[in-house]
>>> print(open('protein.txt').read())   # compact mmCIF, all heavy atoms
# COMPACT_ATOMS: atom_id res chain seq x y z
N MET R 1 -52.21 -34.84 -83.33
CA MET R 1 -52.33 -33.76 -82.38
C MET R 1 -52.79 -34.29 -81.02
O MET R 1 -52.36 -33.84 -79.99
CB MET R 1 -53.32 -32.73 -82.93
CG MET R 1 -53.40 -31.50 -82.10
SD MET R 1 -52.01 -30.43 -82.48
CE MET R 1 -52.41 -29.04 -81.50
N SER R 2 -53.70 -35.26 -81.05
CA SER R 2 -54.24 -35.81 -79.80
C SER R 2 -53.16 -36.52 -79.00
O SER R 2 -53.14 -36.45 -77.78
CB SER R 2 -55.38 -36.76 -80.11
OG SER R 2 -55.85 -37.35 -78.92
N GLY R 3 -52.27 -37.23 -79.69
CA GLY R 3 -51.19 -37.94 -79.00
C GLY R 3 -50.23 -37.00 -78.31
O GLY R 3 -49.73 -37.26 -77.23
N LYS R 4 -49.96 -35.86 -78.95
CA LYS R 4 -49.04 -34.86 -78.36
C LYS R 4 -49.66 -34.24 -77.11
O LYS R 4 -49.00 -34.02 -76.12
CB LYS R 4 -48.74 -33.79 -79.41
CG LYS R 4 -47.62 -32.87 -79.02
CD LYS R 4 -47.28 -31.93 -80.17
CE LYS R 4 -46.06 -31.11 -79.81
NZ LYS R 4 -45.70 -30.20 -80.90
N ARG R 5 -50.96 -33.96 -77.18
CA ARG R 5 -51.66 -33.37 -76.03
C ARG R 5 -51.71 -34.37 -74.87
O ARG R 5 -51.54 -34.01 -73.71
CB ARG R 5 -53.06 -32.94 -76.43
CG ARG R 5 -53.81 -32.27 -75.31
CD ARG R 5 -55.12 -31.71 -75.78
NE ARG R 5 -55.79 -31.05 -74.68
CZ ARG R 5 -57.07 -31.09 -74.47
NH1 ARG R 5 -57.84 -31.74 -75.31
NH2 ARG R 5 -57.60 -30.49 -73.45
N ASN R 6 -51.95 -35.63 -75.19
CA ASN R 6 -52.02 -36.67 -74.18
C ASN R 6 -50.68 -36.82 -73.48
O ASN R 6 -50.62 -37.00 -72.26
CB ASN R 6 -52.46 -38.00 -74.81
CG ASN R 6 -52.78 -39.05 -73.78
OD1 ASN R 6 -52.96 -38.75 -72.62
ND2 ASN R 6 -52.85 -40.29 -74.22
N LYS R 7 -49.59 -36.75 -74.23
CA LYS R 7 -48.25 -36.88 -73.64
C LYS R 7 -47.95 -35.69 -72.74
O LYS R 7 -47.36 -35.84 -71.67
CB LYS R 7 -47.20 -37.00 -74.75
CG LYS R 7 -45.81 -37.24 -74.22
CD LYS R 7 -44.84 -37.50 -75.34
CE LYS R 7 -43.44 -37.56 -74.78
NZ LYS R 7 -42.93 -38.89 -74.65
N LYS R 8 -48.39 -34.49 -73.15
CA LYS R 8 -48.17 -33.29 -72.35
C LYS R 8 -48.95 -33.38 -71.03
O LYS R 8 -48.44 -33.04 -69.98
CB LYS R 8 -48.60 -32.05 -73.13
CG LYS R 8 -48.16 -30.75 -72.50
CD LYS R 8 -48.61 -29.56 -73.32
CE LYS R 8 -47.59 -29.28 -74.40
NZ LYS R 8 -47.85 -27.98 -75.07
N THR R 9 -50.18 -33.87 -71.10
CA THR R 9 -51.00 -34.05 -69.90
C THR R 9 -50.37 -35.07 -68.97
O THR R 9 -50.31 -34.85 -67.75
CB THR R 9 -52.43 -34.49 -70.28
OG1 THR R 9 -52.98 -33.54 -71.17
CG2 THR R 9 -53.29 -34.63 -69.06
N GLN R 10 -49.89 -36.16 -69.52
CA GLN R 10 -49.26 -37.20 -68.71
C GLN R 10 -47.99 -36.67 -68.04
O GLN R 10 -47.72 -37.01 -66.89
CB GLN R 10 -48.94 -38.42 -69.57
CG GLN R 10 -48.40 -39.58 -68.77
CD GLN R 10 -48.12 -40.79 -69.65
OE1 GLN R 10 -48.20 -40.71 -70.88
NE2 GLN R 10 -47.78 -41.89 -69.04
N THR R 11 -47.24 -35.85 -68.74
CA THR R 11 -46.02 -35.27 -68.17
C THR R 11 -46.35 -34.40 -66.97
O THR R 11 -45.71 -34.51 -65.92
CB THR R 11 -45.27 -34.44 -69.24
OG1 THR R 11 -44.98 -35.29 -70.35
CG2 THR R 11 -43.99 -33.88 -68.69
N TRP R 12 -47.36 -33.53 -67.10
CA TRP R 12 -47.74 -32.67 -65.98
C TRP R 12 -48.32 -33.49 -64.83
O TRP R 12 -48.16 -33.12 -63.66
CB TRP R 12 -48.72 -31.61 -66.44
CG TRP R 12 -48.04 -30.50 -67.16
CD1 TRP R 12 -48.13 -30.20 -68.48
CD2 TRP R 12 -47.11 -29.55 -66.60
NE1 TRP R 12 -47.34 -29.13 -68.78
CE2 TRP R 12 -46.69 -28.71 -67.66
CE3 TRP R 12 -46.59 -29.35 -65.33
CZ2 TRP R 12 -45.79 -27.67 -67.45
CZ3 TRP R 12 -45.68 -28.31 -65.14
CH2 TRP R 12 -45.29 -27.48 -66.19
N LEU R 13 -49.00 -34.56 -65.14
CA LEU R 13 -49.54 -35.42 -64.10
C LEU R 13 -48.41 -36.06 -63.29
O LEU R 13 -48.47 -36.12 -62.06
CB LEU R 13 -50.43 -36.50 -64.72
CG LEU R 13 -51.18 -37.42 -63.76
CD1 LEU R 13 -52.20 -36.63 -62.96
CD2 LEU R 13 -51.86 -38.53 -64.53
N VAL R 14 -47.38 -36.52 -63.96
CA VAL R 14 -46.22 -37.11 -63.27
C VAL R 14 -45.50 -36.06 -62.43
O VAL R 14 -45.12 -36.33 -61.29
CB VAL R 14 -45.27 -37.76 -64.31
CG1 VAL R 14 -43.95 -38.14 -63.67
CG2 VAL R 14 -45.92 -38.97 -64.94
N ILE R 15 -45.33 -34.86 -62.98
CA ILE R 15 -44.67 -33.79 -62.23
C ILE R 15 -45.48 -33.43 -60.99
O ILE R 15 -44.93 -33.28 -59.89
CB ILE R 15 -44.47 -32.55 -63.13
CG1 ILE R 15 -43.43 -32.85 -64.20
CG2 ILE R 15 -44.06 -31.34 -62.32
CD1 ILE R 15 -43.31 -31.79 -65.27
N GLY R 16 -46.79 -33.33 -61.12
CA GLY R 16 -47.65 -33.01 -59.98
C GLY R 16 -47.61 -34.10 -58.92
O GLY R 16 -47.57 -33.82 -57.72
N ALA R 17 -47.61 -35.35 -59.34
CA ALA R 17 -47.55 -36.46 -58.39
C ALA R 17 -46.21 -36.46 -57.64
O ALA R 17 -46.18 -36.69 -56.43
CB ALA R 17 -47.74 -37.79 -59.12
N CYS R 18 -45.12 -36.15 -58.34
CA CYS R 18 -43.81 -36.08 -57.68
C CYS R 18 -43.77 -34.95 -56.66
O CYS R 18 -43.21 -35.12 -55.56
CB CYS R 18 -42.72 -35.90 -58.72
SG CYS R 18 -42.44 -37.37 -59.72
N ILE R 19 -44.36 -33.82 -56.99
CA ILE R 19 -44.40 -32.69 -56.05
C ILE R 19 -45.22 -33.06 -54.81
O ILE R 19 -44.83 -32.77 -53.68
CB ILE R 19 -44.95 -31.44 -56.74
CG1 ILE R 19 -43.93 -30.92 -57.75
CG2 ILE R 19 -45.29 -30.35 -55.73
CD1 ILE R 19 -44.44 -29.80 -58.63
N LEU R 20 -46.35 -33.71 -55.02
CA LEU R 20 -47.18 -34.11 -53.88
C LEU R 20 -46.47 -35.13 -52.99
O LEU R 20 -46.57 -35.06 -51.76
CB LEU R 20 -48.52 -34.68 -54.37
CG LEU R 20 -49.50 -33.65 -54.91
CD1 LEU R 20 -50.74 -34.35 -55.45
CD2 LEU R 20 -49.89 -32.66 -53.83
N ILE R 21 -45.76 -36.05 -53.58
CA ILE R 21 -45.01 -37.04 -52.79
C ILE R 21 -43.90 -36.34 -52.01
O ILE R 21 -43.68 -36.64 -50.83
CB ILE R 21 -44.45 -38.15 -53.71
CG1 ILE R 21 -45.60 -39.01 -54.22
CG2 ILE R 21 -43.43 -39.00 -52.98
CD1 ILE R 21 -45.21 -39.99 -55.30
N ALA R 22 -43.22 -35.38 -52.63
CA ALA R 22 -42.16 -34.64 -51.94
C ALA R 22 -42.74 -33.84 -50.76
O ALA R 22 -42.15 -33.82 -49.67
CB ALA R 22 -41.45 -33.71 -52.91
N LEU R 23 -43.89 -33.20 -50.97
CA LEU R 23 -44.52 -32.46 -49.87
C LEU R 23 -44.94 -33.38 -48.74
O LEU R 23 -44.82 -33.04 -47.55
CB LEU R 23 -45.72 -31.67 -50.39
CG LEU R 23 -45.41 -30.45 -51.24
CD1 LEU R 23 -46.69 -29.87 -51.82
CD2 LEU R 23 -44.68 -29.41 -50.42
N LEU R 24 -45.44 -34.56 -49.07
CA LEU R 24 -45.82 -35.53 -48.05
C LEU R 24 -44.61 -35.96 -47.24
O LEU R 24 -44.68 -36.06 -46.01
CB LEU R 24 -46.49 -36.74 -48.70
CG LEU R 24 -46.89 -37.88 -47.75
CD1 LEU R 24 -47.98 -37.41 -46.80
CD2 LEU R 24 -47.35 -39.08 -48.54
N LEU R 25 -43.49 -36.21 -47.91
CA LEU R 25 -42.27 -36.61 -47.20
C LEU R 25 -41.77 -35.49 -46.29
O LEU R 25 -41.34 -35.75 -45.16
CB LEU R 25 -41.20 -37.03 -48.19
CG LEU R 25 -41.46 -38.34 -48.92
CD1 LEU R 25 -40.39 -38.59 -49.98
CD2 LEU R 25 -41.53 -39.50 -47.95
N VAL R 26 -41.84 -34.24 -46.76
CA VAL R 26 -41.44 -33.11 -45.92
C VAL R 26 -42.35 -33.00 -44.71
O VAL R 26 -41.90 -32.81 -43.58
CB VAL R 26 -41.45 -31.80 -46.74
CG1 VAL R 26 -41.31 -30.58 -45.85
CG2 VAL R 26 -40.34 -31.82 -47.77
N TRP R 27 -43.65 -33.15 -44.93
CA TRP R 27 -44.62 -33.05 -43.84
C TRP R 27 -44.39 -34.15 -42.80
O TRP R 27 -44.40 -33.88 -41.59
CB TRP R 27 -46.03 -33.15 -44.44
CG TRP R 27 -47.14 -33.11 -43.46
CD1 TRP R 27 -47.24 -32.31 -42.36
CD2 TRP R 27 -48.33 -33.90 -43.48
NE1 TRP R 27 -48.42 -32.55 -41.72
CE2 TRP R 27 -49.11 -33.53 -42.37
CE3 TRP R 27 -48.81 -34.87 -44.33
CZ2 TRP R 27 -50.34 -34.10 -42.10
CZ3 TRP R 27 -50.04 -35.43 -44.06
CH2 TRP R 27 -50.79 -35.05 -42.96
N LEU R 28 -44.19 -35.37 -43.26
CA LEU R 28 -43.95 -36.47 -42.33
C LEU R 28 -42.62 -36.31 -41.59
O LEU R 28 -42.52 -36.64 -40.40
CB LEU R 28 -43.99 -37.81 -43.07
CG LEU R 28 -45.36 -38.23 -43.58
CD1 LEU R 28 -45.24 -39.50 -44.41
CD2 LEU R 28 -46.33 -38.43 -42.44
N THR R 29 -41.60 -35.79 -42.26
CA THR R 29 -40.32 -35.56 -41.62
C THR R 29 -40.44 -34.50 -40.54
O THR R 29 -39.92 -34.66 -39.43
CB THR R 29 -39.26 -35.13 -42.66
OG1 THR R 29 -39.18 -36.15 -43.65
CG2 THR R 29 -37.91 -34.93 -42.02
N MET R 30 -41.14 -33.41 -40.83
CA MET R 30 -41.32 -32.35 -39.83
C MET R 30 -42.13 -32.86 -38.65
O MET R 30 -41.82 -32.55 -37.50
CB MET R 30 -42.00 -31.13 -40.46
CG MET R 30 -41.15 -30.44 -41.51
SD MET R 30 -39.52 -29.92 -40.93
CE MET R 30 -39.97 -28.66 -39.79
N ALA R 31 -43.15 -33.66 -38.89
CA ALA R 31 -43.95 -34.21 -37.80
C ALA R 31 -43.10 -35.14 -36.94
O ALA R 31 -43.23 -35.14 -35.71
CB ALA R 31 -45.16 -34.97 -38.37
N ASP R 32 -42.22 -35.91 -37.56
CA ASP R 32 -41.36 -36.80 -36.81
C ASP R 32 -40.35 -36.01 -35.97
O ASP R 32 -40.09 -36.35 -34.83
CB ASP R 32 -40.64 -37.75 -37.77
CG ASP R 32 -39.92 -38.87 -37.05
OD1 ASP R 32 -40.46 -39.34 -36.03
OD2 ASP R 32 -38.84 -39.27 -37.50
N LEU R 33 -39.80 -34.95 -36.54
CA LEU R 33 -38.84 -34.13 -35.80
C LEU R 33 -39.49 -33.42 -34.62
O LEU R 33 -38.88 -33.24 -33.57
CB LEU R 33 -38.18 -33.11 -36.73
CG LEU R 33 -37.22 -33.68 -37.76
CD1 LEU R 33 -36.74 -32.58 -38.70
CD2 LEU R 33 -36.03 -34.35 -37.08
N TRP R 34 -40.74 -33.00 -34.78
CA TRP R 34 -41.45 -32.31 -33.70
C TRP R 34 -42.08 -33.28 -32.71
O TRP R 34 -42.64 -32.86 -31.70
CB TRP R 34 -42.53 -31.39 -34.27
CG TRP R 34 -41.98 -30.19 -34.97
CD1 TRP R 34 -40.78 -29.59 -34.76
CD2 TRP R 34 -42.62 -29.45 -36.01
NE1 TRP R 34 -40.64 -28.53 -35.61
CE2 TRP R 34 -41.75 -28.41 -36.38
CE3 TRP R 34 -43.84 -29.56 -36.65
CZ2 TRP R 34 -42.07 -27.49 -37.37
CZ3 TRP R 34 -44.15 -28.64 -37.64
CH2 TRP R 34 -43.27 -27.62 -37.99
N GLY R 35 -42.01 -34.57 -33.00
CA GLY R 35 -42.58 -35.58 -32.11
C GLY R 35 -44.09 -35.65 -32.16
O GLY R 35 -44.73 -36.15 -31.24
N ASP R 36 -44.68 -35.16 -33.22
CA ASP R 36 -46.14 -35.14 -33.35
C ASP R 36 -46.58 -36.24 -34.31
O ASP R 36 -47.09 -35.99 -35.39
CB ASP R 36 -46.59 -33.77 -33.86
CG ASP R 36 -48.09 -33.62 -33.86
OD1 ASP R 36 -48.75 -34.34 -33.12
OD2 ASP R 36 -48.58 -32.77 -34.62
N THR R 37 -46.38 -37.49 -33.91
CA THR R 37 -46.71 -38.60 -34.79
C THR R 37 -47.90 -39.42 -34.28
O THR R 37 -48.20 -40.46 -34.83
CB THR R 37 -45.50 -39.54 -34.96
OG1 THR R 37 -45.09 -39.99 -33.68
CG2 THR R 37 -44.36 -38.83 -35.65
N ASP R 38 -48.58 -38.94 -33.25
CA ASP R 38 -49.73 -39.65 -32.71
C ASP R 38 -50.96 -39.32 -33.54
O ASP R 38 -51.53 -38.24 -33.44
CB ASP R 38 -49.94 -39.26 -31.25
CG ASP R 38 -51.00 -40.11 -30.58
OD1 ASP R 38 -51.40 -41.13 -31.17
OD2 ASP R 38 -51.42 -39.76 -29.48
N VAL R 39 -51.38 -40.25 -34.38
CA VAL R 39 -52.50 -40.02 -35.29
C VAL R 39 -53.81 -39.89 -34.51
O VAL R 39 -54.67 -39.09 -34.85
CB VAL R 39 -52.60 -41.17 -36.32
CG1 VAL R 39 -53.79 -40.97 -37.22
CG2 VAL R 39 -51.32 -41.25 -37.12
N ALA R 40 -53.97 -40.64 -33.45
CA ALA R 40 -55.22 -40.63 -32.70
C ALA R 40 -55.39 -39.35 -31.88
O ALA R 40 -56.46 -39.10 -31.35
CB ALA R 40 -55.27 -41.84 -31.77
N ALA R 41 -54.35 -38.53 -31.79
CA ALA R 41 -54.45 -37.31 -30.98
C ALA R 41 -55.42 -36.31 -31.59
O ALA R 41 -55.99 -35.50 -30.87
CB ALA R 41 -53.07 -36.68 -30.83
N CYS R 42 -55.63 -36.34 -32.89
CA CYS R 42 -56.51 -35.36 -33.52
C CYS R 42 -57.95 -35.85 -33.65
O CYS R 42 -58.79 -35.13 -34.15
CB CYS R 42 -55.95 -34.95 -34.88
SG CYS R 42 -55.87 -36.29 -36.04
N ILE R 43 -58.24 -37.05 -33.18
CA ILE R 43 -59.61 -37.56 -33.23
C ILE R 43 -60.30 -37.21 -31.92
O ILE R 43 -59.90 -37.67 -30.85
CB ILE R 43 -59.62 -39.09 -33.45
CG1 ILE R 43 -58.90 -39.44 -34.75
CG2 ILE R 43 -61.05 -39.62 -33.43
CD1 ILE R 43 -58.73 -40.93 -34.97
N PRO R 44 -61.33 -36.36 -31.97
CA PRO R 44 -62.00 -35.98 -30.73
C PRO R 44 -62.78 -37.15 -30.15
O PRO R 44 -63.32 -37.98 -30.87
CB PRO R 44 -62.93 -34.85 -31.17
CG PRO R 44 -63.16 -35.08 -32.61
CD PRO R 44 -61.91 -35.74 -33.14
N SER R 45 -62.85 -37.19 -28.84
CA SER R 45 -63.60 -38.27 -28.20
C SER R 45 -65.11 -37.96 -28.30
O SER R 45 -65.53 -36.80 -28.30
CB SER R 45 -63.20 -38.38 -26.73
OG SER R 45 -63.48 -37.19 -26.06
N ILE R 46 -65.89 -39.00 -28.36
CA ILE R 46 -67.33 -38.85 -28.46
C ILE R 46 -67.90 -38.75 -27.04
O ILE R 46 -67.69 -39.64 -26.21
CB ILE R 46 -67.95 -40.06 -29.18
CG1 ILE R 46 -67.38 -40.16 -30.58
CG2 ILE R 46 -69.47 -39.94 -29.23
CD1 ILE R 46 -67.78 -41.42 -31.33
N PRO R 47 -68.59 -37.66 -26.75
CA PRO R 47 -69.16 -37.52 -25.39
C PRO R 47 -70.29 -38.52 -25.17
O PRO R 47 -71.11 -38.75 -26.06
CB PRO R 47 -69.68 -36.08 -25.37
CG PRO R 47 -69.88 -35.70 -26.79
CD PRO R 47 -68.90 -36.50 -27.58
N SER R 48 -70.30 -39.12 -24.02
CA SER R 48 -71.36 -40.07 -23.69
C SER R 48 -72.38 -39.38 -22.78
O SER R 48 -72.04 -38.72 -21.81
CB SER R 48 -70.79 -41.30 -23.01
OG SER R 48 -70.11 -40.93 -21.85
N PHE R 49 -73.64 -39.51 -23.13
CA PHE R 49 -74.70 -38.87 -22.36
C PHE R 49 -75.43 -39.86 -21.51
O PHE R 49 -75.69 -40.94 -21.79
CB PHE R 49 -75.69 -38.16 -23.29
CG PHE R 49 -75.05 -37.04 -24.05
CD1 PHE R 49 -74.70 -37.18 -25.37
CD2 PHE R 49 -74.80 -35.83 -23.42
CE1 PHE R 49 -74.12 -36.15 -26.07
CE2 PHE R 49 -74.23 -34.79 -24.11
CZ PHE R 49 -73.89 -34.94 -25.44
>>> encode(input="protein.txt", output="structure tokens")
Amino acid sequence: MSGKRNKKTQTWLVIGACILIALLLVWLTMADLWGDTDVAACIPSIPSF
């Protein structure tokens, strides 16, 4: 019984990882199409006193 449950968990883990990779690729593609690929743009500058 434990082996069957382990295989079921591993299957869902693989499916979830594939979905996350697909979402990441969609997100990166949309960012590239919109020209928003500057990673440093979202890092706020530190004010100097």
>>> select_by_dssp(input="protein.txt", residues="stretch 10-45 of chain R", states="helix (DSSP H, G or I)", output="list in words")
Gln10, Thr11, Trp12, Leu13, Val14, Ile15, Gly16, Ala17, Cys18, Ile19, Leu20, Ile21, Ala22, Leu23, Leu24, Leu25, Val26, Trp27, Leu28, Thr29, Met30, Ala31, Asp32, Leu33, Trp34, Val39, Ala40, Ala41 and Cys42 of chain R
>>> atom_distance(input="protein.txt", atom1="atom N of R:Lys4", atom2="atom N of R:Ile19")
22.8 Å
>>> atom_distance(input="protein.txt", atom1="atom CA of R:Val26", atom2="atom CA of R:Lys8")
27.3 Å
>>> atom_distance(input="protein.txt", atom1="atom CB of R:Leu25", atom2="atom O of R:Asn6")
25.8 Å
